[in-house]
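Text of the file model.pdb, holding PDB, C-alpha atoms and all ligand atoms:
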```pdb
ATOM      1  CA  MET A  91       0.846   8.547 -18.067
ATOM      2  CA  ALA A  92      -0.984  11.241 -16.053
ATOM      3  CA  ASP A  93      -3.429  10.055 -13.373
ATOM      4  CA  ASN A  94      -2.106   6.510 -13.519
ATOM      5  CA  PRO A  95      -3.538   4.869 -10.364
ATOM      6  CA  LEU A  96      -1.301   1.792 -10.470
ATOM      7  CA  ILE A  97       1.448   1.054  -7.968
ATOM      8  CA  ILE A  98       3.445  -1.998  -9.021
ATOM      9  CA  ALA A  99       4.669  -4.136  -6.092
ATOM     10  CA  LEU A 100       8.311  -5.114  -6.582
ATOM     11  CA  ASP A 101       8.115  -8.300  -4.518
ATOM     12  CA  VAL A 102      11.421  -9.693  -5.767
ATOM     13  CA  GLU A 103      14.712 -10.706  -4.183
ATOM     14  CA  ASN A 104      17.143  -8.078  -5.337
ATOM     15  CA  ALA A 105      17.732  -4.799  -7.147
ATOM     16  CA  ALA A 106      18.738  -6.461 -10.419
ATOM     17  CA  GLN A 107      15.380  -8.237 -10.678
ATOM     18  CA  ALA A 108      13.496  -5.133  -9.549
ATOM     19  CA  LEU A 109      15.176  -2.784 -12.028
ATOM     20  CA  ALA A 110      14.785  -5.261 -14.881
ATOM     21  CA  LEU A 111      11.033  -5.134 -14.243
ATOM     22  CA  VAL A 112      10.985  -1.340 -13.957
ATOM     23  CA  ASP A 113      12.899  -1.019 -17.221
ATOM     24  CA  ALA A 114      10.594  -3.525 -18.940
ATOM     25  CA  ILE A 115       7.488  -1.640 -17.765
ATOM     26  CA  GLY A 116       9.000   1.674 -18.888
ATOM     27  CA  ASP A 117       6.623   4.636 -19.086
ATOM     28  CA  ALA A 118       3.527   2.518 -18.446
ATOM     29  CA  ALA A 119       3.945   2.882 -14.658
ATOM     30  CA  GLY A 120       5.500   5.578 -12.508
ATOM     31  CA  PHE A 121       4.904   4.316  -8.969
ATOM     32  CA  TYR A 122       6.482   1.247  -7.326
ATOM     33  CA  LYS A 123       6.070  -0.457  -3.968
ATOM     34  CA  VAL A 124       9.189  -1.646  -2.159
ATOM     35  CA  GLY A 125       8.313  -4.020   0.669
ATOM     36  CA  MET A 126      10.163  -5.736   3.477
ATOM     37  CA  GLU A 127      11.878  -8.373   1.334
ATOM     38  CA  LEU A 128      13.452  -6.050  -1.219
ATOM     39  CA  TYR A 129      14.267  -3.411   1.405
ATOM     40  CA  ALA A 130      15.941  -6.067   3.578
ATOM     41  CA  ALA A 131      18.086  -7.050   0.604
ATOM     42  CA  GLU A 132      18.942  -3.636  -0.820
ATOM     43  CA  GLY A 133      18.060  -0.931   1.732
ATOM     44  CA  PRO A 134      17.731   2.770   0.887
ATOM     45  CA  ALA A 135      19.842   2.304  -2.281
ATOM     46  CA  MET A 136      16.781   0.649  -3.826
ATOM     47  CA  VAL A 137      14.712   3.775  -3.198
ATOM     48  CA  SER A 138      17.456   5.979  -4.678
ATOM     49  CA  ALA A 139      17.721   3.776  -7.771
ATOM     50  CA  LEU A 140      13.983   4.147  -8.424
ATOM     51  CA  VAL A 141      13.937   7.880  -7.708
ATOM     52  CA  GLU A 142      16.885   8.338 -10.084
ATOM     53  CA  ARG A 143      14.776   6.674 -12.782
ATOM     54  CA  GLY A 144      12.059   9.261 -12.169
ATOM     55  CA  LYS A 145       9.792   6.809 -10.327
ATOM     56  CA  ARG A 146       7.786   7.409  -7.141
ATOM     57  CA  VAL A 147       8.295   4.972  -4.281
ATOM     58  CA  PHE A 148       5.841   3.529  -1.796
ATOM     59  CA  LEU A 149       7.893   2.065   1.058
ATOM     60  CA  ASP A 150       5.759  -0.619   2.673
ATOM     61  CA  LEU A 151       7.614  -1.206   5.945
ATOM     62  CA  LYS A 152       4.590  -1.107   8.296
ATOM     63  CA  TYR A 153       6.368   0.585  11.190
ATOM     64  CA  TYR A 154       5.109  -0.064  14.715
ATOM     65  CA  ASP A 155       7.450   1.118  17.485
ATOM     66  CA  ILE A 156       7.815   3.767  20.189
ATOM     67  CA  PRO A 157       7.086   7.310  18.955
ATOM     68  CA  GLU A 158      10.681   8.583  19.097
ATOM     69  CA  THR A 159      11.894   5.682  16.939
ATOM     70  CA  VAL A 160       9.061   5.989  14.423
ATOM     71  CA  GLU A 161       9.449   9.758  14.108
ATOM     72  CA  ARG A 162      13.200   9.565  13.515
ATOM     73  CA  ALA A 163      12.886   6.669  11.060
ATOM     74  CA  ALA A 164      10.116   8.447   9.119
ATOM     75  CA  ARG A 165      12.359  11.502   8.833
ATOM     76  CA  ARG A 166      15.136   9.337   7.337
ATOM     77  CA  VAL A 167      12.681   7.710   4.925
ATOM     78  CA  ALA A 168      11.533  11.170   3.819
ATOM     79  CA  ALA A 169      15.151  12.234   3.235
ATOM     80  CA  GLY A 170      15.609   9.184   1.019
ATOM     81  CA  GLY A 171      12.981  10.437  -1.397
ATOM     82  CA  ALA A 172      10.099   7.979  -0.907
ATOM     83  CA  SER A 173       6.593   9.325  -1.516
ATOM     84  CA  LEU A 174       4.584   7.015   0.770
ATOM     85  CA  LEU A 175       5.404   5.025   3.934
ATOM     86  CA  THR A 176       3.146   2.610   5.819
ATOM     87  CA  VAL A 177       2.780   2.435   9.599
ATOM     88  CA  HIS A 178       0.251   0.519  11.684
ATOM     89  CA  ALA A 179      -2.879   2.516  12.510
ATOM     90  CA  ILE A 180      -2.129   2.912  16.221
ATOM     91  CA  LYS A 181      -2.607   6.536  17.283
ATOM     92  CA  PRO A 182       0.834   7.316  18.820
ATOM     93  CA  VAL A 183       2.564   5.477  15.976
ATOM     94  CA  MET A 184       0.662   7.447  13.322
ATOM     95  CA  GLU A 185       1.213  10.752  15.159
ATOM     96  CA  ALA A 186       4.960  10.126  15.385
ATOM     97  CA  ALA A 187       5.228   9.217  11.699
ATOM     98  CA  VAL A 188       3.273  12.330  10.693
ATOM     99  CA  ARG A 189       5.653  14.462  12.803
ATOM    100  CA  GLY A 190       8.656  12.811  11.157
ATOM    101  CA  ALA A 191       7.249  13.440   7.674
ATOM    102  CA  ALA A 192       6.102  17.018   8.369
ATOM    103  CA  GLY A 193       7.378  19.521   5.834
ATOM    104  CA  THR A 194       8.656  16.816   3.463
ATOM    105  CA  GLY A 195       7.218  15.155   0.363
ATOM    106  CA  LEU A 196       6.500  11.959   2.307
ATOM    107  CA  GLY A 197       2.895  10.891   2.946
ATOM    108  CA  ILE A 198       2.063   8.487   5.756
ATOM    109  CA  LEU A 199      -0.327   5.616   5.041
ATOM    110  CA  ALA A 200      -2.020   3.781   7.902
ATOM    111  CA  VAL A 201      -2.530   0.023   7.778
ATOM    112  CA  THR A 202      -5.781  -0.595   9.661
ATOM    113  CA  VAL A 203      -6.049  -4.363  10.219
ATOM    114  CA  LEU A 204      -3.904  -6.837   8.278
ATOM    115  CA  THR A 205      -6.140  -8.746   5.875
ATOM    116  CA  SER A 206      -4.569 -11.990   7.100
ATOM    117  CA  LEU A 207      -6.289 -11.476  10.492
ATOM    118  CA  ASP A 208      -9.865 -12.554  11.162
ATOM    119  CA  ASP A 209     -12.258 -11.994  14.092
ATOM    120  CA  ARG A 210     -10.852 -14.993  15.930
ATOM    121  CA  ASP A 211      -7.275 -13.733  15.669
ATOM    122  CA  LEU A 212      -8.377 -10.372  17.104
ATOM    123  CA  GLU A 213     -10.214 -12.064  19.969
ATOM    124  CA  GLU A 214      -7.132 -14.141  20.749
ATOM    125  CA  ALA A 215      -5.036 -10.981  20.741
ATOM    126  CA  GLY A 216      -7.379  -9.451  23.346
ATOM    127  CA  TYR A 217      -9.414  -7.105  21.162
ATOM    128  CA  ALA A 218     -13.043  -6.511  22.144
ATOM    129  CA  MET A 219     -14.209  -5.947  18.562
ATOM    130  CA  GLY A 220     -14.124  -7.760  15.260
ATOM    131  CA  VAL A 221     -12.333  -6.827  12.033
ATOM    132  CA  THR A 222     -15.107  -4.663  10.541
ATOM    133  CA  SER A 223     -15.503  -2.489  13.648
ATOM    134  CA  LEU A 224     -11.760  -2.231  14.252
ATOM    135  CA  VAL A 225     -11.127  -1.147  10.646
ATOM    136  CA  GLU A 226     -13.701   1.663  10.999
ATOM    137  CA  TRP A 227     -12.370   2.670  14.427
ATOM    138  CA  ARG A 228      -8.831   2.943  13.080
ATOM    139  CA  VAL A 229      -9.830   4.785   9.897
ATOM    140  CA  ARG A 230     -11.559   7.373  12.089
ATOM    141  CA  GLN A 231      -8.384   7.764  14.187
ATOM    142  CA  ALA A 232      -6.203   7.912  11.074
ATOM    143  CA  ARG A 233      -8.351  10.755   9.783
ATOM    144  CA  GLU A 234      -8.113  12.627  13.112
ATOM    145  CA  VAL A 235      -4.335  12.245  13.228
ATOM    146  CA  GLY A 236      -4.047  13.628   9.705
ATOM    147  CA  VAL A 237      -2.257  10.870   7.827
ATOM    148  CA  ALA A 238      -2.202  11.081   4.027
ATOM    149  CA  GLY A 239      -4.186   7.895   3.572
ATOM    150  CA  VAL A 240      -5.136   4.372   4.502
ATOM    151  CA  VAL A 241      -4.415   0.944   3.047
ATOM    152  CA  CYS A 242      -7.547  -1.151   2.689
ATOM    153  CA  SER A 243      -8.844  -4.219   0.919
ATOM    154  CA  PRO A 244     -10.899  -3.621  -2.235
ATOM    155  CA  LEU A 245     -13.878  -5.225  -0.517
ATOM    156  CA  GLU A 246     -13.727  -2.635   2.289
ATOM    157  CA  VAL A 247     -12.970   0.381   0.168
ATOM    158  CA  ALA A 248     -16.541   1.691  -0.226
ATOM    159  CA  ARG A 249     -17.185   1.435   3.520
ATOM    160  CA  VAL A 250     -13.794   2.931   4.376
ATOM    161  CA  ARG A 251     -14.412   5.833   1.962
ATOM    162  CA  LYS A 252     -17.597   6.704   3.898
ATOM    163  CA  VAL A 253     -15.688   6.927   7.193
ATOM    164  CA  ALA A 254     -12.557   8.477   5.672
ATOM    165  CA  GLY A 255     -14.276  11.276   3.739
ATOM    166  CA  GLN A 256     -12.777  12.561   0.507
ATOM    167  CA  GLY A 257      -9.536  13.863   2.034
ATOM    168  CA  LEU A 258      -7.748  10.552   2.581
ATOM    169  CA  LEU A 259      -5.966   8.552  -0.106
ATOM    170  CA  LEU A 260      -7.229   4.981  -0.229
ATOM    171  CA  VAL A 261      -4.613   2.524  -1.434
ATOM    172  CA  THR A 262      -5.858  -0.928  -2.285
ATOM    173  CA  PRO A 263      -3.957  -4.188  -2.745
ATOM    174  CA  GLY A 264      -5.747  -7.461  -3.477
ATOM    175  CA  VAL A 265      -6.726  -6.368  -6.981
ATOM    176  CA  ARG A 266      -6.915  -8.770  -9.938
ATOM    177  CA  SER A 267      -8.335  -8.594 -13.423
ATOM    178  CA  ALA A 268     -11.133 -11.064 -14.036
ATOM    179  CA  GLY A 269      -9.578 -14.347 -15.107
ATOM    180  CA  ALA A 270      -6.099 -13.572 -13.708
ATOM    181  CA  ASP A 271      -4.483 -16.012 -11.296
ATOM    182  CA  THR A 272      -5.385 -14.890  -7.746
ATOM    183  CA  GLY A 273      -2.348 -16.589  -6.146
ATOM    184  CA  ASP A 274      -2.787 -16.671  -2.357
ATOM    185  CA  GLN A 275      -5.186 -13.717  -2.379
ATOM    186  CA  LYS A 276      -8.627 -14.741  -1.210
ATOM    187  CA  ARG A 277     -10.506 -11.451  -1.130
ATOM    188  CA  VAL A 278      -9.970  -9.811  -4.499
ATOM    189  CA  ALA A 279     -11.812  -7.340  -6.732
ATOM    190  CA  THR A 280     -11.158  -6.176 -10.255
ATOM    191  CA  PRO A 281      -9.232  -2.914 -10.808
ATOM    192  CA  ALA A 282     -12.286  -1.165 -12.301
ATOM    193  CA  LYS A 283     -14.479  -2.141  -9.346
ATOM    194  CA  ALA A 284     -11.902  -0.986  -6.793
ATOM    195  CA  ILE A 285     -11.618   2.420  -8.506
ATOM    196  CA  ALA A 286     -15.406   2.721  -8.775
ATOM    197  CA  ALA A 287     -15.673   1.963  -5.048
ATOM    198  CA  GLY A 288     -13.384   4.898  -4.232
ATOM    199  CA  ALA A 289      -9.764   3.696  -4.340
ATOM    200  CA  ASN A 290      -7.138   6.250  -5.414
ATOM    201  CA  HIS A 291      -4.289   3.797  -5.974
ATOM    202  CA  LEU A 292      -4.248   0.083  -6.772
ATOM    203  CA  VAL A 293      -1.281  -2.021  -5.701
ATOM    204  CA  ILE A 294      -0.718  -4.853  -8.151
ATOM    205  CA  GLY A 295       2.119  -7.324  -7.867
ATOM    206  CA  ARG A 296       2.228 -10.743  -9.393
ATOM    207  CA  GLN A 297      -0.326 -10.160 -12.138
ATOM    208  CA  VAL A 298       2.245  -7.773 -13.630
ATOM    209  CA  THR A 299       5.584  -8.972 -12.294
ATOM    210  CA  ARG A 300       5.002 -12.585 -13.350
ATOM    211  CA  ALA A 301       3.442 -11.737 -16.708
ATOM    212  CA  ALA A 302       5.309 -12.818 -19.822
ATOM    213  CA  ASP A 303       5.185  -9.168 -20.942
ATOM    214  CA  PRO A 304       4.874  -6.871 -17.880
ATOM    215  CA  HIS A 305       4.644  -3.712 -20.023
ATOM    216  CA  ALA A 306       1.719  -5.094 -22.039
ATOM    217  CA  GLU A 307       0.040  -6.332 -18.857
ATOM    218  CA  VAL A 308       0.147  -2.851 -17.274
ATOM    219  CA  LEU A 309      -1.342  -1.308 -20.425
ATOM    220  CA  ARG A 310      -4.043  -3.963 -20.444
ATOM    221  CA  ILE A 311      -4.991  -3.174 -16.810
ATOM    222  CA  LEU A 312      -5.065   0.578 -17.522
ATOM    223  CA  ALA A 313      -7.355   0.001 -20.507
ATOM    224  CA  GLU A 314      -9.559  -2.208 -18.379
ATOM    225  CA  ILE A 315      -9.925   0.567 -15.765
ATOM    226  CA  GLN A 316     -10.909   3.078 -18.448
ATOM    227  CA  THR A 317     -13.550   0.802 -19.978
ATOM    228  CA  PRO A 318     -15.206  -1.002 -17.055
ATOM    229  CA  ALA A 319     -17.253  -4.064 -17.987
TER
HETATM  230  O1  LIG B 401      -1.090 -10.374  -4.824
HETATM  231  P1  LIG B 401      -0.155  -9.305  -5.351
HETATM  232  O2  LIG B 401       1.134  -9.873  -5.852
HETATM  233  O3  LIG B 401      -0.813  -8.378  -6.336
HETATM  234  O4  LIG B 401       0.166  -8.452  -4.079
HETATM  235  C1  LIG B 401       0.747  -7.193  -4.206
HETATM  236  C2  LIG B 401       1.075  -6.600  -2.877
HETATM  237  O5  LIG B 401      -0.078  -6.400  -2.097
HETATM  238  C3  LIG B 401       2.018  -7.455  -2.047
HETATM  239  O6  LIG B 401       3.195  -6.686  -1.857
HETATM  240  C4  LIG B 401       1.330  -7.685  -0.734
HETATM  241  O7  LIG B 401       2.169  -7.392   0.373
HETATM  242  C5  LIG B 401       0.183  -6.712  -0.756
HETATM  243  N1  LIG B 401      -1.012  -7.327  -0.186
HETATM  244  C6  LIG B 401      -1.595  -6.767   0.902
HETATM  245  N2  LIG B 401      -2.739  -7.302   1.429
HETATM  246  C7  LIG B 401      -3.278  -8.381   0.873
HETATM  247  C8  LIG B 401      -2.682  -8.973  -0.219
HETATM  248  C9  LIG B 401      -1.526  -8.423  -0.758
HETATM  249  O8  LIG B 401      -1.118  -5.754   1.414
HETATM  250  N3  LIG B 401      -4.386  -8.883   1.379
END
```
How would this structure read if it were set down as structure tokens?
Ligand code: C5P
Amino acid sequence: MADNPLIIALDVENAAQALALVDAIGDAAGFYKVGMELYAAEGPAMVSALVERGKRVFLDLKYYDIPETVERAARRVAAGGASLLTVHAIKPVMEAAVRGAAGTGLGILAVTVLTSLDDRDLEEAGYAMGVTSLVEWRVRQAREVGVAGVVCSPLEVARVRKVAGQGLLLVTPGVRSAGADTGDQKRVATPAKAIAAGANHLVIGRQVTRAADPHAEVLRILAEIQTPA
């Protein structure tokens, strides 16, 4: 489907489970997120398997290392055919990743502040500002560095869009249809609201991957986005 904003998170243990889901979802989704768990189990072969099926891959590895290491790793990720890669929104880390991805089809996404952290965690880690200010600070830096986009919570997306301008992709996890099980997600918004607030892509995992019929669930979410309540 053209302009499909969904990225389905393949938070499963191995390639067999992941590809069974991808095959079940079929043409309803074309973009998949591979995170630390699946990448630890299957490595770059997982990316190749998805690319061979004509799918785009968002590699959510959240790199944070010295510039030389990040640049070289980003170059390898690009060669493997992924479309998006996350790094933490620390200036030298972002700059190195952008250098590594230069001239390739890979876009770098910056993770501003993990949604599991609150003001107290930041204070304990030595930061002089709270979550809201740090998110805005890092979005501004991400924009200056020239990353492709930023990962943000659906409850921050409108504010982040103001700081980010129209040029950055905003990719939003923590999205749930009204009435769906929220799992361990505390700060959620519906897909339609996240898109209306300015998100370009929605990352949805368990609502689809644990559905009795993942294909039907994706179609239901897409219909919901097109006809907001
Ligand atoms: O909750 P759900 O299964 O839809 O989560 C999908 C993906 O979103 C997961 O891979 C998780 O890593 C990511 N996520 C996130 N930030 C959150 C919640 C989930 O990046 N606050």
Nearest candidate to ligand LIG 401 (chain B) (options A:Leu199, A:Val265, A:Ala289, A:Leu109; using all atoms listed in the file): A:Val265
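Counting from CA of Ala168 in chain A, the distance to CA of Arg230 in chain A is 24.8 Å.
Remark: for ligand LIG 401 (chain B), the closest of the candidate residues A:Asp101, A:Glu307, A:Glu213, A:Glu132 is A:Asp101 (distances computed over only C-alpha atoms and all ligand atoms).
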Test item: residues no farther than 6 Å from ligand LIG 401 (chain B), counting all atoms listed in the file, as a ChimeraX atom specification: /A:99,101,205,263-264,275,293-296
Please evaluate the PyMOL selection byres (((chain A and resi 173) around 7) and not hetatm) against the displayed coordinates and give the resulting residues as an mmCIF file with C-alpha atoms, in the frame of the given file.
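As written to disk, selection.cif reads:
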```cif
data_model
loop_
_atom_site.group_PDB
_atom_site.id
_atom_site.type_symbol
_atom_site.label_atom_id
_atom_site.label_comp_id
_atom_site.auth_asym_id
_atom_site.auth_seq_id
_atom_site.Cartn_x
_atom_site.Cartn_y
_atom_site.Cartn_z
ATOM 1 C CA ARG A 146 7.786 7.409 -7.141
ATOM 2 C CA VAL A 147 8.295 4.972 -4.281
ATOM 3 C CA PHE A 148 5.841 3.529 -1.796
ATOM 4 C CA GLY A 171 12.981 10.437 -1.397
ATOM 5 C CA ALA A 172 10.099 7.979 -0.907
ATOM 6 C CA LEU A 174 4.584 7.015 0.770
ATOM 7 C CA GLY A 195 7.218 15.155 0.363
ATOM 8 C CA LEU A 196 6.500 11.959 2.307
ATOM 9 C CA GLY A 197 2.895 10.891 2.946
#
```
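Reported to one decimal place, the separation of CA of Glu246 in chain A from CA of Asn290 in chain A is 13.5 Å.
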Skip Ile315 in chain A itself and residues of its chain fewer than 6 positions away, then list as a PDB file with C-alpha atoms, in the frame of the given file all residues within 8 Å of it, counting only C-alpha atoms.
```pdb
ATOM      1  CA  PRO A 281      -9.232  -2.914 -10.808  1.00  0.00           C
ATOM      2  CA  ALA A 282     -12.286  -1.165 -12.301  1.00  0.00           C
ATOM      3  CA  ILE A 285     -11.618   2.420  -8.506  1.00  0.00           C
TER       4      ILE A 285
END
```
Between CA of Ala186 in chain A and CA of Pro157 in chain A, distance in Å (one decimal):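 Those two atoms sit 5.0 Å apart.
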